[in-house]
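Everything below belongs to target-v1.txt, which stores compact mmCIF, C-alpha atoms.
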# COMPACT_ATOMS: atom_id res chain seq x y z
CA MET Y 293 78.06 76.74 80.90
CA THR Y 294 80.47 79.47 81.94
CA MET Y 295 82.06 81.88 79.53
CA SER Y 296 85.32 83.60 80.08
CA ILE Y 297 85.66 87.34 79.69
CA LYS Y 298 87.20 86.98 76.23
CA GLU Y 299 84.37 84.72 74.98
CA ARG Y 300 81.60 86.98 76.26
CA PRO Y 301 79.99 88.82 73.34
CA GLU Y 302 80.46 92.57 73.47
CA GLU Y 303 77.23 94.03 74.64
CA GLU Y 304 75.85 96.95 72.71
CA ILE Y 305 74.55 99.69 74.94
CA GLU Y 306 72.10 102.17 73.60
CA TRP Y 307 73.30 105.44 74.97
CA SER Y 308 70.41 107.67 75.95
CA PRO Y 309 71.00 111.37 76.62
CA GLU Y 310 70.77 110.65 80.36
CA ASP Y 311 73.43 107.92 80.02
CA GLU Y 312 75.75 110.32 78.14
CA ILE Y 313 75.26 113.01 80.79
CA GLN Y 314 76.22 110.51 83.47
CA LEU Y 315 79.24 109.51 81.34
CA PHE Y 316 80.38 113.12 81.22
CA PHE Y 317 79.93 113.43 84.99
CA ALA Y 318 82.03 110.27 85.37
CA LEU Y 319 84.71 111.80 83.11
CA ASP Y 320 85.01 114.81 85.43
CA GLY Y 321 88.71 115.12 86.29
CA LEU Y 322 89.68 111.86 84.57
CA LYS Y 323 90.98 111.96 81.01
CA PRO Y 324 91.12 108.52 79.41
CA VAL Y 325 94.28 109.47 77.49
CA GLY Y 326 97.97 109.41 78.29
CA ILE Y 327 100.06 107.05 80.33
CA ASN Y 328 97.39 106.44 82.99
CA LYS Y 329 94.41 105.99 80.65
CA TYR Y 330 93.58 102.44 81.75
CA PHE Y 331 93.57 103.38 85.43
CA PHE Y 332 91.38 106.38 84.69
CA MET Y 333 89.03 104.21 82.60
CA ALA Y 334 88.61 101.81 85.52
CA CYS Y 335 87.58 104.76 87.71
CA ILE Y 336 85.25 106.10 85.01
CA ALA Y 337 83.55 102.70 84.62
CA ASP Y 338 83.13 102.44 88.39
CA ARG Y 339 81.61 105.93 88.65
CA LEU Y 340 79.28 105.35 85.70
CA SER Y 341 78.13 101.95 86.99
CA LYS Y 342 77.26 103.48 90.36
CA ALA Y 343 75.41 106.40 88.74
CA LEU Y 344 73.37 104.19 86.39
CA ASN Y 345 72.82 101.39 88.95
CA ARG Y 346 73.93 98.77 86.42
CA GLU Y 347 77.26 97.30 85.32
CA VAL Y 348 78.84 99.09 82.36
CA SER Y 349 81.91 97.50 80.78
CA THR Y 350 85.02 99.46 79.92
CA GLU Y 351 84.85 98.16 76.34
CA ALA Y 352 81.42 99.75 75.91
CA ILE Y 353 82.74 103.05 77.27
CA TRP Y 354 85.84 102.92 75.02
CA SER Y 355 83.74 102.20 71.93
CA HIS Y 356 81.32 105.05 72.70
CA LEU Y 357 84.14 107.52 73.38
CA LYS Y 358 85.77 106.52 70.06
CA THR Y 359 82.59 107.53 68.24
CA MET Y 360 82.73 110.98 69.84
CA TYR Y 361 86.49 111.67 69.91
CA ASN Y 362 89.67 110.72 68.08
CA LEU Y 363 91.31 109.06 71.09
CA ASP Y 364 94.50 108.14 69.20
CA ALA Y 365 95.21 111.79 68.36
CA LEU Y 366 94.39 112.89 71.91
CA ASP Y 367 96.69 110.17 73.25
CA GLU Y 368 99.60 111.48 71.14
CA LEU Y 369 98.97 115.06 72.27
CA GLU Y 370 99.10 114.14 75.95
CA PRO Y 371 102.60 114.92 77.30
CA LEU Y 372 104.50 112.42 79.42
CA PRO Y 373 104.88 113.46 83.07
CA PHE Y 374 108.61 112.64 82.97
CA PRO Y 375 111.42 113.26 80.47
CA ASN Y 376 111.66 110.48 77.93
CA ASP Y 377 114.55 111.41 75.64
CA GLN Y 378 115.97 108.39 73.85
CA ARG Y 379 119.73 108.31 73.41
CA ASP Y 380 122.50 105.75 73.21
CA PHE Y 381 123.99 104.72 76.52
CA SER Y 382 127.70 104.62 77.15
CA LEU Y 383 129.69 104.51 80.35
CA PRO Y 384 131.99 107.43 81.20
CA ASP Y 385 135.71 107.02 80.42
CA GLU Y 386 136.62 106.38 84.08
CA PHE Y 387 134.63 103.17 83.99
CA SER Y 388 136.37 101.85 80.89
CA THR Y 389 139.77 102.07 82.63
CA LEU Y 390 138.34 100.34 85.70
CA LEU Y 391 136.84 97.59 83.56
CA ALA Y 392 140.15 97.02 81.76
CA LYS Y 393 141.97 96.80 85.11
CA LYS Y 394 139.36 94.35 86.43
CA ARG Y 395 139.76 92.15 83.34
CA GLN Y 396 143.54 92.04 83.87
CA ASP Y 397 143.07 91.09 87.54
CA VAL Y 398 140.68 88.29 86.62
CA GLU Y 399 143.02 86.92 83.93
CA GLU Y 400 145.97 87.02 86.36
CA ALA Y 401 143.96 85.20 89.05
CA SER Y 402 142.89 82.50 86.59
CA ARG Y 403 146.53 81.99 85.52
CA ARG Y 404 147.54 81.56 89.19
CA LEU Y 405 144.78 79.03 89.75
CA ASP Y 406 145.85 77.09 86.68
CA SER Y 407 149.46 76.97 87.87
CA LEU Y 408 148.39 75.86 91.37
CA ALA Y 409 146.23 73.11 89.87
CA LYS Y 410 149.13 71.89 87.75
CA GLU Y 411 151.46 71.81 90.78
CA ALA Y 412 148.88 69.92 92.83
CA ALA Y 413 148.53 67.37 90.04
CA LYS Y 414 152.33 66.86 89.89
CA THR Y 415 152.86 66.24 93.65
CA PRO Y 416 151.78 62.79 94.90
CA SER Y 417 149.36 62.73 97.80
CA ARG Y 418 150.79 61.42 101.10
CA PRO Y 419 148.87 59.41 103.72
CA PRO Y 420 148.52 61.12 107.12
CA SER Y 421 151.53 60.67 109.41
CA ALA Y 422 151.46 58.28 112.36
CA ALA Y 423 151.99 61.16 114.85
CA SER Y 424 148.86 63.01 113.74
CA GLN Y 425 146.84 59.78 113.93
CA ALA Y 426 148.08 59.09 117.46
CA SER Y 427 147.17 62.58 118.70
CA SER Y 428 143.63 62.34 117.27
CA THR Y 429 143.01 58.95 118.93
CA SER Y 430 144.28 60.23 122.33
CA LYS Y 431 141.86 63.20 122.13
CA GLN Y 432 138.97 60.82 121.45
CA GLN Y 433 139.93 58.65 124.41
CA ASN Y 434 140.11 61.66 126.76
CA GLN Y 435 136.69 62.81 125.65
CA SER Y 436 135.16 59.37 126.24
CA ARG Y 437 136.59 59.28 129.82
CA GLU Y 438 134.66 62.42 130.88
CA SER Y 439 131.61 61.73 133.00
CA PRO Y 440 128.17 62.94 131.94
CA ALA Y 441 128.17 65.41 134.86
CA GLU Y 442 131.39 67.03 133.56
CA LYS Y 443 129.90 67.25 130.07
CA LYS Y 444 126.80 68.99 131.48
CA ALA Y 445 128.95 71.43 133.48
CA ASP Y 446 130.75 72.52 130.31
CA ALA Y 447 127.53 73.11 128.38
CA PRO Y 448 125.99 76.60 128.60
CA LYS Y 449 122.87 76.88 130.75
CA ARG Y 450 119.56 77.61 129.11
CA ALA Y 451 117.31 80.36 130.33
CA PRO Y 452 114.12 79.18 132.03
CA LYS Y 453 111.18 78.84 129.68
CA ARG Y 454 108.78 81.74 129.84
CA THR Y 455 105.07 81.20 129.69
CA ARG Y 456 102.37 83.56 128.53
CA GLY Y 457 101.24 84.63 132.00
CA SER Y 458 104.65 84.73 133.67
CA ALA Y 459 105.87 88.01 135.08
CA SER Y 460 109.10 89.25 133.60
CA LEU Y 461 111.81 91.10 135.50
CA GLU Y 462 113.38 92.31 132.27
CA SER Y 463 113.07 96.01 131.46
CA ASN Y 464 112.13 95.35 127.85
CA SER Y 465 109.35 92.83 128.06
CA SER Y 466 108.10 91.28 124.88
CA PRO Y 467 104.45 91.13 123.81
CA SER Y 468 104.37 87.44 124.70
CA THR Y 469 105.04 88.22 128.36
CA THR Y 470 102.63 91.12 128.76
CA PRO Y 471 99.04 90.24 129.64
CA PRO Y 472 96.35 91.29 127.18
CA PRO Y 473 94.51 94.53 127.99
CA VAL Y 474 91.25 94.21 129.86
CA VAL Y 475 88.37 95.72 127.91
CA THR Y 476 85.27 96.67 129.83
CA LYS Y 477 82.06 97.18 127.94
CA ARG Y 478 79.65 99.87 129.01
CA ARG Y 479 75.96 99.39 128.78
CA ARG Y 480 73.53 102.12 127.95
CA ILE Y 481 70.43 102.24 130.03

Now, as a test, write the supplied structure out as structure tokens.
Amino acid sequence: MTMSIKERPEEEIEWSPEDEIQLFFALDGLKPVGINKYFFMACIADRLSKALNREVSTEAIWSHLKTMYNLDALDELEPLPFPNDQRDFSLPDEFSTLLAKKRQDVEEASRRLDSLAKEAAKTPSRPPSAASQASSTSKQQNQSRESPAEKKADAPKRAPKRTRGSASLESNSSPSTTPPPVVTKRRRI
């Protein structure tokens, strides 16, 4: 029966003085407060697990640190590394005039499309003229009269296929045309 991480009961660790000393060594340079507290806690748990030669969960470390310190107060005291002033956002005045002009252009374009659609609906559709049909059939007949050799002469020629070992005369050869480097192994005697 496997248990997920959420279902696993929180293990109670009895913190000996040696364990607490190792915890303080693991905390060296890493404060588990502020914006990066979870990243720092992952590093602290890794350091502590290596020092104690057993797996220590981050929940156990958090619960023990909460008994020693008021982490919520320390978290509030930690300054943000970037300015975080909250204020209402509004575009400068130049943008409002541009937006108004853009709206007018869009409305004008939609009116033109509507008028073109109405005109297209009013005019009856005409079948193609006999002259245009005759010219299209004569083009098809001329194309069918061409021999296969003439068709091949008109087609662009393909470059010869390169193989992996072929030598290239091009100045910028690609990795597929260059042979792999020869590695010689030396033996110690």

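Atom pair atom CA of Ile336 of chain Y / atom CA of Glu368 of chain Y: separated by 20.7 Å.
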
Could you tell me which of Y:Ala412, Y:Pro472, Y:Phe332, Y:Pro309 comes closest to Thr350 of chain Y if we count only C-alpha atoms?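 Between Y:Ala412, Y:Pro472, Y:Phe332, Y:Pro309, the residue approaching Thr350 of chain Y most closely is Y:Phe332.
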
Looking at Y:Ala392, Y:Leu372, Y:Leu405, Y:Val348, which one is nearest to Gly326 of chain Y, with distances taken over all atoms listed in the file?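 Using all atoms listed in the file, Gly326 of chain Y sits closest to Y:Leu372.
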
Give me the residues within 10 Å of Ser341 of chain Y as an MDAnalysis selection string, counting only C-alpha atoms and dropping any in the same chain fewer than 6 places off. chainID Y and resid 314:315 318 335 347:349

Spatial neighbours of Asp364 of chain Y, max dist 12 Å, all atoms listed in the file, sep filter under 3 positions, as a tab-separated table (two decimals) with C-alpha atoms, keeping the file's coordinate frame:
chain	number	residue	atom	x	y	z
Y	324	PRO	CA	91.12	108.52	79.41
Y	325	VAL	CA	94.28	109.47	77.49
Y	326	GLY	CA	97.97	109.41	78.29
Y	329	LYS	CA	94.41	105.99	80.65
Y	354	TRP	CA	85.84	102.92	75.02
Y	357	LEU	CA	84.14	107.52	73.38
Y	358	LYS	CA	85.77	106.52	70.06
Y	359	THR	CA	82.59	107.53	68.24
Y	361	TYR	CA	86.49	111.67	69.91
Y	367	ASP	CA	96.69	110.17	73.25
Y	368	GLU	CA	99.60	111.48	71.14
Y	369	LEU	CA	98.97	115.06	72.27
Y	370	GLU	CA	99.10	114.14	75.95

Give me segment 303-314 of chain Y with all heavy atoms filled in, as a PDB file, keeping the file's coordinate frame.
ATOM      1  N   GLU Y 303      78.598  93.575  74.549  1.00  0.00           N
ATOM      2  CA  GLU Y 303      77.230  94.030  74.640  1.00  0.00           C
ATOM      3  C   GLU Y 303      77.112  95.438  74.067  1.00  0.00           C
ATOM      4  O   GLU Y 303      77.942  96.298  74.316  1.00  0.00           O
ATOM      5  CB  GLU Y 303      76.768  93.991  76.093  1.00  0.00           C
ATOM      6  CG  GLU Y 303      77.682  94.779  77.014  1.00  0.00           C
ATOM      7  CD  GLU Y 303      77.507  94.433  78.467  1.00  0.00           C
ATOM      8  OE1 GLU Y 303      77.618  93.249  78.791  1.00  0.00           O
ATOM      9  OE2 GLU Y 303      77.279  95.356  79.248  1.00  0.00           O
ATOM     10  N   GLU Y 304      76.109  95.646  73.286  1.00  0.00           N
ATOM     11  CA  GLU Y 304      75.850  96.950  72.710  1.00  0.00           C
ATOM     12  C   GLU Y 304      74.919  97.707  73.648  1.00  0.00           C
ATOM     13  O   GLU Y 304      73.839  97.217  73.998  1.00  0.00           O
ATOM     14  CB  GLU Y 304      75.208  96.812  71.324  1.00  0.00           C
ATOM     15  CG  GLU Y 304      76.154  96.321  70.262  1.00  0.00           C
ATOM     16  CD  GLU Y 304      77.259  97.303  69.957  1.00  0.00           C
ATOM     17  OE1 GLU Y 304      77.009  98.520  69.966  1.00  0.00           O
ATOM     18  OE2 GLU Y 304      78.393  96.837  69.729  1.00  0.00           O
ATOM     19  N   ILE Y 305      75.359  98.862  74.070  1.00  0.00           N
ATOM     20  CA  ILE Y 305      74.550  99.690  74.940  1.00  0.00           C
ATOM     21  C   ILE Y 305      73.987 100.818  74.105  1.00  0.00           C
ATOM     22  O   ILE Y 305      74.704 101.461  73.342  1.00  0.00           O
ATOM     23  CB  ILE Y 305      75.398 100.259  76.105  1.00  0.00           C
ATOM     24  CG1 ILE Y 305      75.912  99.128  76.975  1.00  0.00           C
ATOM     25  CG2 ILE Y 305      74.598 101.250  76.909  1.00  0.00           C
ATOM     26  CD1 ILE Y 305      76.800  99.587  78.099  1.00  0.00           C
ATOM     27  N   GLU Y 306      72.703 101.026  74.256  1.00  0.00           N
ATOM     28  CA  GLU Y 306      72.100 102.170  73.600  1.00  0.00           C
ATOM     29  C   GLU Y 306      72.239 103.348  74.540  1.00  0.00           C
ATOM     30  O   GLU Y 306      71.682 103.344  75.637  1.00  0.00           O
ATOM     31  CB  GLU Y 306      70.628 101.901  73.275  1.00  0.00           C
ATOM     32  CG  GLU Y 306      70.406 101.936  71.791  1.00  0.00           C
ATOM     33  CD  GLU Y 306      68.982 101.677  71.444  1.00  0.00           C
ATOM     34  OE1 GLU Y 306      68.193 102.623  71.517  1.00  0.00           O
ATOM     35  OE2 GLU Y 306      68.697 100.529  71.096  1.00  0.00           O
ATOM     36  N   TRP Y 307      72.994 104.308  74.108  1.00  0.00           N
ATOM     37  CA  TRP Y 307      73.300 105.440  74.970  1.00  0.00           C
ATOM     38  C   TRP Y 307      72.191 106.483  74.850  1.00  0.00           C
ATOM     39  O   TRP Y 307      72.061 107.160  73.845  1.00  0.00           O
ATOM     40  CB  TRP Y 307      74.647 106.052  74.582  1.00  0.00           C
ATOM     41  CG  TRP Y 307      75.793 105.146  74.912  1.00  0.00           C
ATOM     42  CD1 TRP Y 307      76.303 104.154  74.148  1.00  0.00           C
ATOM     43  CD2 TRP Y 307      76.545 105.160  76.112  1.00  0.00           C
ATOM     44  NE1 TRP Y 307      77.343 103.535  74.784  1.00  0.00           N
ATOM     45  CE2 TRP Y 307      77.517 104.140  76.005  1.00  0.00           C
ATOM     46  CE3 TRP Y 307      76.516 105.922  77.278  1.00  0.00           C
ATOM     47  CZ2 TRP Y 307      78.433 103.863  77.011  1.00  0.00           C
ATOM     48  CZ3 TRP Y 307      77.439 105.647  78.267  1.00  0.00           C
ATOM     49  CH2 TRP Y 307      78.372 104.632  78.144  1.00  0.00           C
ATOM     50  N   SER Y 308      71.432 106.628  75.900  1.00  0.00           N
ATOM     51  CA  SER Y 308      70.410 107.670  75.950  1.00  0.00           C
ATOM     52  C   SER Y 308      71.079 108.975  76.361  1.00  0.00           C
ATOM     53  O   SER Y 308      72.217 108.972  76.853  1.00  0.00           O
ATOM     54  CB  SER Y 308      69.318 107.286  76.952  1.00  0.00           C
ATOM     55  OG  SER Y 308      69.846 107.279  78.262  1.00  0.00           O
ATOM     56  N   PRO Y 309      70.397 110.107  76.176  1.00  0.00           N
ATOM     57  CA  PRO Y 309      71.000 111.370  76.620  1.00  0.00           C
ATOM     58  C   PRO Y 309      71.316 111.373  78.117  1.00  0.00           C
ATOM     59  O   PRO Y 309      72.343 111.922  78.525  1.00  0.00           O
ATOM     60  CB  PRO Y 309      69.928 112.414  76.286  1.00  0.00           C
ATOM     61  CG  PRO Y 309      69.142 111.813  75.174  1.00  0.00           C
ATOM     62  CD  PRO Y 309      69.169 110.330  75.416  1.00  0.00           C
ATOM     63  N   GLU Y 310      70.495 110.727  78.922  1.00  0.00           N
ATOM     64  CA  GLU Y 310      70.770 110.650  80.360  1.00  0.00           C
ATOM     65  C   GLU Y 310      72.040 109.836  80.624  1.00  0.00           C
ATOM     66  O   GLU Y 310      72.860 110.197  81.474  1.00  0.00           O
ATOM     67  CB  GLU Y 310      69.576 110.006  81.089  1.00  0.00           C
ATOM     68  CG  GLU Y 310      69.771 109.830  82.577  1.00  0.00           C
ATOM     69  CD  GLU Y 310      69.937 111.137  83.335  1.00  0.00           C
ATOM     70  OE1 GLU Y 310      69.383 112.170  82.923  1.00  0.00           O
ATOM     71  OE2 GLU Y 310      70.654 111.113  84.355  1.00  0.00           O
ATOM     72  N   ASP Y 311      72.227 108.740  79.871  1.00  0.00           N
ATOM     73  CA  ASP Y 311      73.430 107.920  80.020  1.00  0.00           C
ATOM     74  C   ASP Y 311      74.682 108.724  79.635  1.00  0.00           C
ATOM     75  O   ASP Y 311      75.716 108.640  80.306  1.00  0.00           O
ATOM     76  CB  ASP Y 311      73.348 106.667  79.164  1.00  0.00           C
ATOM     77  CG  ASP Y 311      72.281 105.696  79.633  1.00  0.00           C
ATOM     78  OD1 ASP Y 311      71.796 105.844  80.780  1.00  0.00           O
ATOM     79  OD2 ASP Y 311      71.935 104.787  78.847  1.00  0.00           O
ATOM     80  N   GLU Y 312      74.593 109.512  78.569  1.00  0.00           N
ATOM     81  CA  GLU Y 312      75.750 110.320  78.140  1.00  0.00           C
ATOM     82  C   GLU Y 312      76.059 111.417  79.157  1.00  0.00           C
ATOM     83  O   GLU Y 312      77.224 111.705  79.408  1.00  0.00           O
ATOM     84  CB  GLU Y 312      75.490 110.917  76.759  1.00  0.00           C
ATOM     85  CG  GLU Y 312      75.625 109.901  75.659  1.00  0.00           C
ATOM     86  CD  GLU Y 312      75.527 110.520  74.275  1.00  0.00           C
ATOM     87  OE1 GLU Y 312      75.188 111.718  74.144  1.00  0.00           O
ATOM     88  OE2 GLU Y 312      75.796 109.788  73.310  1.00  0.00           O
ATOM     89  N   ILE Y 313      75.025 111.993  79.746  1.00  0.00           N
ATOM     90  CA  ILE Y 313      75.260 113.010  80.790  1.00  0.00           C
ATOM     91  C   ILE Y 313      75.988 112.378  81.968  1.00  0.00           C
ATOM     92  O   ILE Y 313      76.949 112.942  82.495  1.00  0.00           O
ATOM     93  CB  ILE Y 313      73.922 113.660  81.215  1.00  0.00           C
ATOM     94  CG1 ILE Y 313      73.384 114.530  80.079  1.00  0.00           C
ATOM     95  CG2 ILE Y 313      74.096 114.487  82.484  1.00  0.00           C
ATOM     96  CD1 ILE Y 313      71.976 115.040  80.307  1.00  0.00           C
ATOM     97  N   GLN Y 314      75.551 111.196  82.358  1.00  0.00           N
ATOM     98  CA  GLN Y 314      76.220 110.510  83.470  1.00  0.00           C
ATOM     99  C   GLN Y 314      77.652 110.127  83.096  1.00  0.00           C
ATOM    100  O   GLN Y 314      78.551 110.142  83.938  1.00  0.00           O
ATOM    101  CB  GLN Y 314      75.417 109.264  83.886  1.00  0.00           C
ATOM    102  CG  GLN Y 314      74.097 109.580  84.546  1.00  0.00           C
ATOM    103  CD  GLN Y 314      74.258 110.405  85.805  1.00  0.00           C
ATOM    104  OE1 GLN Y 314      75.211 110.251  86.562  1.00  0.00           O
ATOM    105  NE2 GLN Y 314      73.306 111.311  86.020  1.00  0.00           N
TER     106      GLN Y 314
END
